[in-house]
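**Q** Mind having a look at this structure? Questions to follow.
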Amino acid sequence: MSILTRVEGAHAATKPGRGAPGRLSVVAATGFLVLAACYMLLPVYWLLVSSTKSQGDLVSTPGLLPAHWHLGDNLAALFAQQDGVFARWLLNSLLYAGAGAAVATALAAAAGYALAKYEFRGREAVFSVVLGGVLVPASALALPLFLLFAQVNATNTFWSVFLPSIVSPFGVYLSRIFATASVPDEVLEAARMDGAGELRIFRTIVLRLMSPALVTVFLFQFVVIWNNFLLPLVMLQDDDLYPVTLGLFTWQSQTSRLPQLQTLTIVGALISVVPIVLTFLLLQRYWRAGLSAGAVKS
Amino acid sequence: MTTTTAPPRARRRPARQALAPYAFLLPFLVPFVLFTLLPVGYAFWQSLHRTERTGGTFGHTHSVFAGFQQYADVVHEPFFGDSVVRVGVFALVQIPVMLLLALVLALLLDSTVARLKRFFRLVYFVPYGIPGVVAAVMWAFLYDPRLSPIVDLLRSAGTRVDLLGSHLILFSIGNVVTWTYTGYNMLILYSALQALPADIGEAARVDGAGGWTIATRIKIPLIRPALVLTGVFSIIGTFQLFTEPQVFRTISTSVTSTYTPNLAAYSLASGDNYSEAAALSVLLAAVTFLLSFAFLRLTSRRQR
C-alpha cells in the first residue's frame with residue numbers, strides 16, 4: 001500500500017484474524033476512553049447547566065442537576081449589565097482576533113512563500129530568527145511590549161493589543177512548509193514565461209494554491225489572539241477596549257464582593273465559548289493539517 | 001511549453017526577481033522586528049538601568065546604568081527561589097502526567113481496539129477550544145466551596161477538602177492545565193501516529209506481536225519527534241504559567257502575588273518597578289529558551 005493513497009481508515013481496515021483484539025481489551029479500552037471523555041466534558045456540562053439557573057438556585061441546588069429554567073433572564077441580564085458592555089467585549093474580541101489573524105495570515109503567506117521559493121542572500125539567517133520567534137511564547141513578550149509601548153505613551157489603546165498580534169512566526173513556518181509542498185516551480189516558471197509580474201503571480205496563483213493551508217494559519221492565529229490574556233491585561237485600563245476574556249476575568253474577580261456577578265460570569269463564559277468551540281469542531285480538518293505539519297516535520 | 005525567444009522585457013526580469021523576495025518578506029519583518037525583537041532588546045536594555053529621582057519624591061527621574069545589579073536584586077528576592085521551585089515541581093509532576101495521558105489516548109484511538117474514534121477525538125479536543133482564562137474561571141467555580149459540586153460530592157462521601165487551600169492549590173492548578181492541554185497534545189501525537197505507514201503495525205501483527213508490544217516497541221519510538229515537540233511546548237508553557245494562578249488569586253489566599261515567576265514579573269511591573277520586572281522577564285525568557293533547547297538537544301542525541 002502506498003503512503004500517498006493511504007487514508008484515515010486504513011488502520012481500521014485491518015482484517016480481523018490473528019492478533020485481532022479480544023473482547024476484554026475492547027471493553028477496557030472503551031472504558032478508559034469514556035472515562036477520559038467524562039473528565040473533558042464534565043466542566044462543560046456544569047457550565048451549560050449552571051447557565052440556566054438563577055443566582056439563588058446556583059447556590060442552593062446541586063451543581064450537576066438542572067433547576068428552574070432561567071436562561072432567558074440570565075441572557076437579558078448579561079447584555080444589560082453596565083449598559084451592554086458584554087456585547088462590546090465580544091465585538092472587541094472579534095475585531096482583535098478576526099482582523100489581527102487576517103493581517104497576520106497575509107503577512108505570513110508572503111514571507112513563507114518568499115522563504116520557500118526564492119534563493120536569496122540571508123534566507124537561512126532570516127528563517128532561523130523566525131524559528132527562534134516560534135519558541136518565544138506570547139506571554140513572555142507581553143511585559144516587554146508593555147514597557148516599550150509605555151515609553152511612547154501608547155498603552156491603553158486599541159493598537160497596543162492589535163499591532164503585536166499581527167506577527168505570527170509560527171504562521172511563517174507553516175506557510176513555508178505548505179508553499180514548498182503545494183506550489184510547483186513549473187507553474188511559477190510558466191507564469192513568468194507568460195510575462196506575469198512577481199506580485200501578480202503571488203496574488204493570482206500562489207495564494208490560490210496555498211489557500212487551504214492559509215485557513216489553518218488563520219485559525220491558529222485567531223485562537224492565539226482570542227486566548228491571549230496577559231497582553232490585554234497589562235496594556236488596557238479602559239474597559240471599553242477589553243476583549244471578552246479580560247472582561248470575564250474582571251467580573252469573576254469581583255464575585256467575592258458582588259455574588260450576583262457569578263451568574264453573569266457563567267452565562268458570559270458560555271456565550272463566549274460557544275462560537276469558538278463550534279468553529280473548532282467544524283474546521284477540525286484544518287487543525288489536524290497544522291498540527292501534523294508541526295509534529296512530523298520537526 | 002515552448003522555448004522560443006523570450007519577450008524583450010524578460011531581460012529586466014532577473015533584477016525584479018532578485019528584489020521580489022525582499023519585497024514579500026518586508027511586510028512581515030517590519031512588525032516582527034518592532035513587536036518581537038525590539039521589545040526583547042528594550043527589556044534587556046531597561047533591565048540594565050535603574051530609575052533614580054533627583055530632588056525628592058517629585059523631582060525628575062532619570063535612568064542610571066546599573067549593570068547586572070537588577071538581576072542580582074531579583075535573584076536575591078525571597079520570592080524568586082520559591083516561585084522557581086514551585087514551577088519546577090509543577091513541571092516534573094504535571095507534564096509527565098499530561099503527556100502520558102495524551103499518549104495513551106492517542107495510541108488507543110490509533111489502535112484497532114477503540115470504537116467511536118471520531119467522536120472521542122472531537123470530545124478530547126473541546127477543552128482546547130476554550131480560552132485559558134475562561135477554563136480557569138470555570139474551574140474556579142468548580143473549586144469554590146460555595147458552588148462546587150466536587151466539594152459537595154466529597155463531603156457526602158465523608159471527606160472535607162479545601163481545593164483552594166495551600167496544600168491542594170498547586171494540584172488544582174495542575175488539573176486545569178492538564179484538562180486544557182491534554183487533547184491538544186493528544187492530537188499532535190495522534191497525527192504523528194496516523195502519518196506512520198500502516199504496514200508497519202500489520203507486519204508486526206503478522207509476526208505475532210500484541211498490541212502492547214506494537215505500541216511500546218514500534219509506534220512510540222517512531223513518533224519520538226512529536227513527543228519531543230509536545231515536551232518542549234509543555235516546558236515553555238509551564239515556565240510561563242500565569243493565567244490560572246492569576247485567576248485563582250481572586251478567590252484563594254493561597255496564591256500570592258509572586259506565586260510563579262511570571263506572576264511576580266507582572267506584580268513588579270504593576271508596582272511600577274519596571275527595571276526589576278524587565279530583569280525578571282528577560283531571565284525567564286532566557287531560562288525557558290535554554291531549557292527547551294537543552295531538552296531538544298538531549299532527546300535528539302539519544303535518538304542516534
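Every chain in the C-alpha cells has a letter given in the order shown (A, B, ...), and although residue numbers restart at 1 in each chain, ligands are simply numbered from 1 in the order shown.
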Which residues come within 8 Å of range 292-301 of chain B, counting only C-alpha atoms, excluding same-chain residues fewer than 6 positions away, as a PyMOL selection string?
**A** chain B and resi 228+232+235-236
**Q** Excluding range 217-232 of chain A and its own-chain neighbours fewer than 3 positions away, which residues fall within 8 Å of it when counting only C-alpha atoms? Please give them as number ranges by chain.
**A** A: 93-94, 96-98, 100-102, 104-105, 138-139, 142-143, 146, 161, 165, 168, 171, 174-175, 213-214, 235-236, 242-243, 245-246, 287, 290; B: 129, 131-133, 242-243
**Q** Take the residues from that selection and write them out as a short mmCIF file (atom, residue, chain, number, x, y, z; two decimals), in the first residue's frame, keeping N, CA, C and O atoms.
**A**
data_model
loop_
_atom_site.label_atom_id
_atom_site.label_comp_id
_atom_site.auth_asym_id
_atom_site.auth_seq_id
_atom_site.Cartn_x
_atom_site.Cartn_y
_atom_site.Cartn_z
N SER A 93 -13.25 41.42 20.87
CA SER A 93 -12.53 40.17 20.67
C SER A 93 -12.54 39.77 19.20
O SER A 93 -11.53 39.35 18.64
N LEU A 94 -13.72 39.94 18.59
CA LEU A 94 -13.87 39.58 17.19
C LEU A 94 -12.95 40.44 16.32
O LEU A 94 -12.33 39.95 15.37
N TYR A 96 -10.10 42.15 17.39
CA TYR A 96 -8.70 41.82 17.66
C TYR A 96 -8.33 40.52 16.95
O TYR A 96 -7.33 40.43 16.26
N ALA A 97 -9.17 39.49 17.15
CA ALA A 97 -8.80 38.17 16.65
C ALA A 97 -9.06 38.04 15.15
O ALA A 97 -8.21 37.51 14.43
N GLY A 98 -10.20 38.54 14.67
CA GLY A 98 -10.53 38.39 13.26
C GLY A 98 -9.61 39.21 12.36
O GLY A 98 -8.93 38.67 11.48
N GLY A 100 -6.88 40.83 13.26
CA GLY A 100 -5.48 40.52 13.56
C GLY A 100 -5.01 39.26 12.85
O GLY A 100 -3.94 39.25 12.24
N ALA A 101 -5.84 38.21 12.89
CA ALA A 101 -5.45 36.96 12.24
C ALA A 101 -5.43 37.11 10.73
O ALA A 101 -4.58 36.51 10.06
N ALA A 102 -6.35 37.92 10.17
CA ALA A 102 -6.37 38.11 8.72
C ALA A 102 -5.08 38.79 8.25
O ALA A 102 -4.42 38.33 7.31
N ALA A 104 -2.23 38.94 9.93
CA ALA A 104 -1.12 38.04 10.23
C ALA A 104 -0.97 36.97 9.16
O ALA A 104 0.14 36.63 8.74
N THR A 105 -2.11 36.44 8.69
CA THR A 105 -2.06 35.39 7.66
C THR A 105 -1.50 35.93 6.36
O THR A 105 -0.67 35.28 5.71
N ALA A 138 3.91 34.03 23.65
CA ALA A 138 3.28 35.34 23.70
C ALA A 138 3.34 35.95 25.10
O ALA A 138 3.55 37.15 25.26
N SER A 139 3.22 35.10 26.13
CA SER A 139 3.19 35.64 27.49
C SER A 139 4.56 36.18 27.91
O SER A 139 4.65 37.04 28.77
N ALA A 142 4.67 39.88 26.56
CA ALA A 142 3.68 40.86 26.99
C ALA A 142 4.31 41.99 27.81
O ALA A 142 4.08 43.18 27.51
N LEU A 143 5.10 41.64 28.82
CA LEU A 143 5.69 42.69 29.65
C LEU A 143 6.68 43.56 28.89
O LEU A 143 6.59 44.78 28.95
N PHE A 146 4.75 45.89 26.89
CA PHE A 146 4.17 46.94 27.72
C PHE A 146 5.21 48.03 28.01
O PHE A 146 4.93 49.22 27.89
N VAL A 161 -2.86 46.39 21.60
CA VAL A 161 -3.19 44.96 21.62
C VAL A 161 -3.20 44.41 20.20
O VAL A 161 -2.77 43.29 19.95
N SER A 165 -0.30 41.51 17.64
CA SER A 165 -0.90 40.23 17.28
C SER A 165 -0.89 39.95 15.78
O SER A 165 -1.32 38.89 15.35
N SER A 168 3.08 36.55 13.35
CA SER A 168 2.94 35.13 13.65
C SER A 168 4.11 34.33 13.05
O SER A 168 4.02 33.86 11.92
N GLY A 171 3.09 31.04 11.87
CA GLY A 171 2.39 31.12 10.59
C GLY A 171 3.38 31.13 9.43
O GLY A 171 3.14 30.50 8.40
N LEU A 174 4.70 27.57 9.06
CA LEU A 174 3.73 26.72 8.38
C LEU A 174 3.62 27.08 6.90
O LEU A 174 3.61 26.21 6.03
N SER A 175 3.56 28.39 6.61
CA SER A 175 3.42 28.83 5.22
C SER A 175 4.60 28.36 4.38
O SER A 175 4.44 27.98 3.22
N ALA A 213 -4.03 25.80 3.22
CA ALA A 213 -3.04 25.97 4.29
C ALA A 213 -3.24 27.29 5.01
O ALA A 213 -3.06 27.38 6.23
N LEU A 214 -3.65 28.30 4.26
CA LEU A 214 -3.80 29.62 4.88
C LEU A 214 -4.98 29.65 5.85
O LEU A 214 -4.98 30.40 6.82
N MET A 235 -1.86 45.89 29.13
CA MET A 235 -1.95 47.09 28.29
C MET A 235 -3.16 47.97 28.62
O MET A 235 -3.07 49.19 28.55
N LEU A 236 -4.32 47.35 28.90
CA LEU A 236 -5.57 48.10 28.91
C LEU A 236 -6.07 48.44 30.31
O LEU A 236 -6.05 47.59 31.21
N TYR A 242 -11.61 46.25 26.34
CA TYR A 242 -11.33 44.88 26.76
C TYR A 242 -11.79 43.85 25.73
O TYR A 242 -12.85 44.00 25.15
N PRO A 243 -11.01 42.79 25.55
CA PRO A 243 -11.56 41.61 24.88
C PRO A 243 -12.41 40.83 25.89
O PRO A 243 -12.32 41.07 27.10
N THR A 245 -12.32 37.87 27.12
CA THR A 245 -11.63 37.10 28.16
C THR A 245 -11.28 37.97 29.35
O THR A 245 -11.52 37.60 30.50
N LEU A 246 -10.74 39.15 29.06
CA LEU A 246 -10.35 40.05 30.14
C LEU A 246 -11.58 40.57 30.89
O LEU A 246 -11.57 40.68 32.11
N TRP A 287 -7.16 22.00 11.50
CA TRP A 287 -6.33 21.89 12.69
C TRP A 287 -5.35 20.76 12.56
O TRP A 287 -4.19 20.87 12.86
N GLY A 290 -2.39 21.51 10.41
CA GLY A 290 -1.37 22.33 11.05
C GLY A 290 -0.59 21.56 12.10
O GLY A 290 0.62 21.63 12.16
N GLY B 129 -10.45 24.33 22.76
CA GLY B 129 -11.19 25.42 22.12
C GLY B 129 -11.65 26.48 23.11
O GLY B 129 -12.15 27.53 22.72
N PRO B 131 -10.86 29.27 25.78
CA PRO B 131 -9.72 30.11 26.17
C PRO B 131 -9.25 29.80 27.59
O PRO B 131 -10.06 29.50 28.47
N GLY B 132 -7.95 29.88 27.79
CA GLY B 132 -7.36 29.56 29.09
C GLY B 132 -8.00 30.29 30.25
O GLY B 132 -8.25 29.70 31.31
N VAL B 133 -8.31 31.56 30.06
CA VAL B 133 -8.92 32.34 31.14
C VAL B 133 -10.30 31.79 31.47
O VAL B 133 -10.66 31.63 32.64
N PHE B 242 0.83 31.57 34.15
CA PHE B 242 0.34 32.86 34.62
C PHE B 242 -1.18 32.89 34.78
O PHE B 242 -1.69 33.20 35.85
N THR B 243 -1.88 32.54 33.69
CA THR B 243 -3.32 32.75 33.66
C THR B 243 -4.04 32.06 34.82
O THR B 243 -4.82 32.69 35.53
#
**Q** Range 24-213 of chain B: which residues are helix (DSSP H, G or I) by DSSP, as an MDAnalysis selection string?
**A** chainID B and resid 24:47 69:76 78:110 117:129 132:143 149:156 169:195 198:206 211:213
**Q** Identify, on the basis of only C-alpha atoms, every residue whose closest approach to Met186 in chain B does not exceed 6 Å; exclude the query and any residue fewer than 3 positions from it along the same chain; express the result as a tab-separated table (two decimals) with all heavy atoms, in the first residue's frame.
**A**
chain	number	residue	atom	x	y	z
B	102	ALA	N	-2.11	11.85	27.31
B	102	ALA	CA	-2.27	12.17	25.89
B	102	ALA	C	-1.77	11.02	25.02
B	102	ALA	O	-2.41	10.65	24.02
B	102	ALA	CB	-1.53	13.45	25.55
B	106	ALA	N	-3.97	8.77	22.49
B	106	ALA	CA	-3.61	8.76	21.07
B	106	ALA	C	-3.39	7.33	20.58
B	106	ALA	O	-3.86	6.95	19.50
B	106	ALA	CB	-2.36	9.61	20.84
B	182	THR	N	-4.42	18.43	27.41
B	182	THR	CA	-4.26	17.01	27.07
B	182	THR	C	-4.73	16.73	25.65
B	182	THR	O	-4.04	16.06	24.87
B	182	THR	CB	-5.03	16.12	28.08
B	182	THR	OG1	-4.46	16.32	29.37
B	182	THR	CG2	-4.90	14.66	27.70
B	183	GLY	N	-5.90	17.26	25.29
B	183	GLY	CA	-6.46	16.99	23.97
B	183	GLY	C	-5.59	17.53	22.85
B	183	GLY	O	-5.40	16.88	21.81
B	189	LEU	N	0.16	13.97	18.84
B	189	LEU	CA	0.69	12.60	18.84
B	189	LEU	C	-0.12	11.72	17.89
B	189	LEU	O	0.43	10.89	17.16
B	189	LEU	CB	0.66	12.02	20.27
B	189	LEU	CG	1.49	12.80	21.28
B	189	LEU	CD1	1.29	12.24	22.68
B	189	LEU	CD2	2.97	12.75	20.90
B	190	TYR	N	-1.43	11.92	17.89
B	190	TYR	CA	-2.30	11.12	17.03
B	190	TYR	C	-1.99	11.38	15.56
B	190	TYR	O	-1.93	10.44	14.76
B	190	TYR	CB	-3.76	11.46	17.35
B	190	TYR	CG	-4.77	10.76	16.48
B	190	TYR	CD1	-5.04	9.40	16.67
B	190	TYR	CD2	-5.44	11.44	15.48
B	190	TYR	CE1	-5.97	8.75	15.88
B	190	TYR	CE2	-6.37	10.79	14.68
B	190	TYR	CZ	-6.62	9.45	14.88
B	190	TYR	OH	-7.53	8.81	14.09
**Q** Excluding Gly72 in chain A and its own-chain neighbours fewer than 3 positions away, which residues fall within 10 Å of it when counting only C-alpha atoms? Please give them as a list in words.
**A**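 These residues fall inside the cut-off: Ser51, Thr52, Lys53, Trp69, Leu75, Ala76, Ala77 and Leu78 of chain A.
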**Q** Val84 in chain B: which residues within 8 Å, counting only C-alpha atoms, same-chain residues fewer than 3 positions away excluded, as a PyMOL selection string?
**A** chain B and resi 80-81+87-88+260-261
**Q** Do a neighbour search on Leu48 in chain A at 9 Å with only C-alpha atoms, toss out local chain neighbours closer than 5 positions, and write the hits as an MDAnalysis selection string.
**A** chainID A and resid 43 266:267 270
**Q** Output all heavy atoms of each residue in that selection to a file, as an mmCIF file, in the first residue's frame.
**A**
data_model
loop_
_atom_site.group_PDB
_atom_site.id
_atom_site.type_symbol
_atom_site.label_atom_id
_atom_site.label_comp_id
_atom_site.auth_asym_id
_atom_site.auth_seq_id
_atom_site.Cartn_x
_atom_site.Cartn_y
_atom_site.Cartn_z
ATOM 1 N N PRO A 43 -16.854 19.669 33.114
ATOM 2 C CA PRO A 43 -16.931 21.116 33.357
ATOM 3 C C PRO A 43 -17.832 21.829 32.348
ATOM 4 O O PRO A 43 -18.527 22.780 32.705
ATOM 5 C CB PRO A 43 -15.474 21.575 33.197
ATOM 6 C CG PRO A 43 -14.659 20.366 33.407
ATOM 7 C CD PRO A 43 -15.473 19.224 32.891
ATOM 8 N N ILE A 266 -20.866 33.190 34.499
ATOM 9 C CA ILE A 266 -21.088 31.840 33.971
ATOM 10 C C ILE A 266 -21.777 31.895 32.608
ATOM 11 O O ILE A 266 -21.324 31.268 31.648
ATOM 12 C CB ILE A 266 -21.902 31.010 34.983
ATOM 13 C CG1 ILE A 266 -21.024 30.685 36.195
ATOM 14 C CG2 ILE A 266 -22.429 29.740 34.351
ATOM 15 C CD1 ILE A 266 -21.759 30.087 37.361
ATOM 16 N N VAL A 267 -22.856 32.683 32.498
ATOM 17 C CA VAL A 267 -23.539 32.791 31.204
ATOM 18 C C VAL A 267 -22.618 33.434 30.173
ATOM 19 O O VAL A 267 -22.555 33.002 29.016
ATOM 20 C CB VAL A 267 -24.842 33.618 31.334
ATOM 21 C CG1 VAL A 267 -25.582 33.654 30.016
ATOM 22 C CG2 VAL A 267 -25.727 33.021 32.392
ATOM 23 N N LEU A 270 -20.223 30.955 28.843
ATOM 24 C CA LEU A 270 -20.878 30.063 27.880
ATOM 25 C C LEU A 270 -20.995 30.736 26.508
ATOM 26 O O LEU A 270 -20.620 30.166 25.485
ATOM 27 C CB LEU A 270 -22.264 29.671 28.398
ATOM 28 C CG LEU A 270 -23.016 28.711 27.482
ATOM 29 C CD1 LEU A 270 -22.396 27.331 27.541
ATOM 30 C CD2 LEU A 270 -24.493 28.641 27.845
#
**Q** Between A:Gly56, A:Lys117, A:Val234, A:Leu91, which residue has the minimum interatomic distance to Glu198 in chain A, considering only C-alpha atoms?
**A**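 Checking each candidate against Glu198 in chain A, we get A:Lys117 as the closest.
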**Q** What lies within 10 Å of range 90-101 of chain B using only C-alpha atoms, ignoring chain neighbours under 3 positions off, as JSON, numbers by chain?
**A** {"A": [36], "B": [84, 85, 86, 87, 104, 105, 106, 107, 170, 171, 173, 174, 175, 177, 178, 179, 180, 181, 182, 183, 185, 186, 189, 227, 230, 231, 234, 235, 236, 237, 238, 239, 241]}
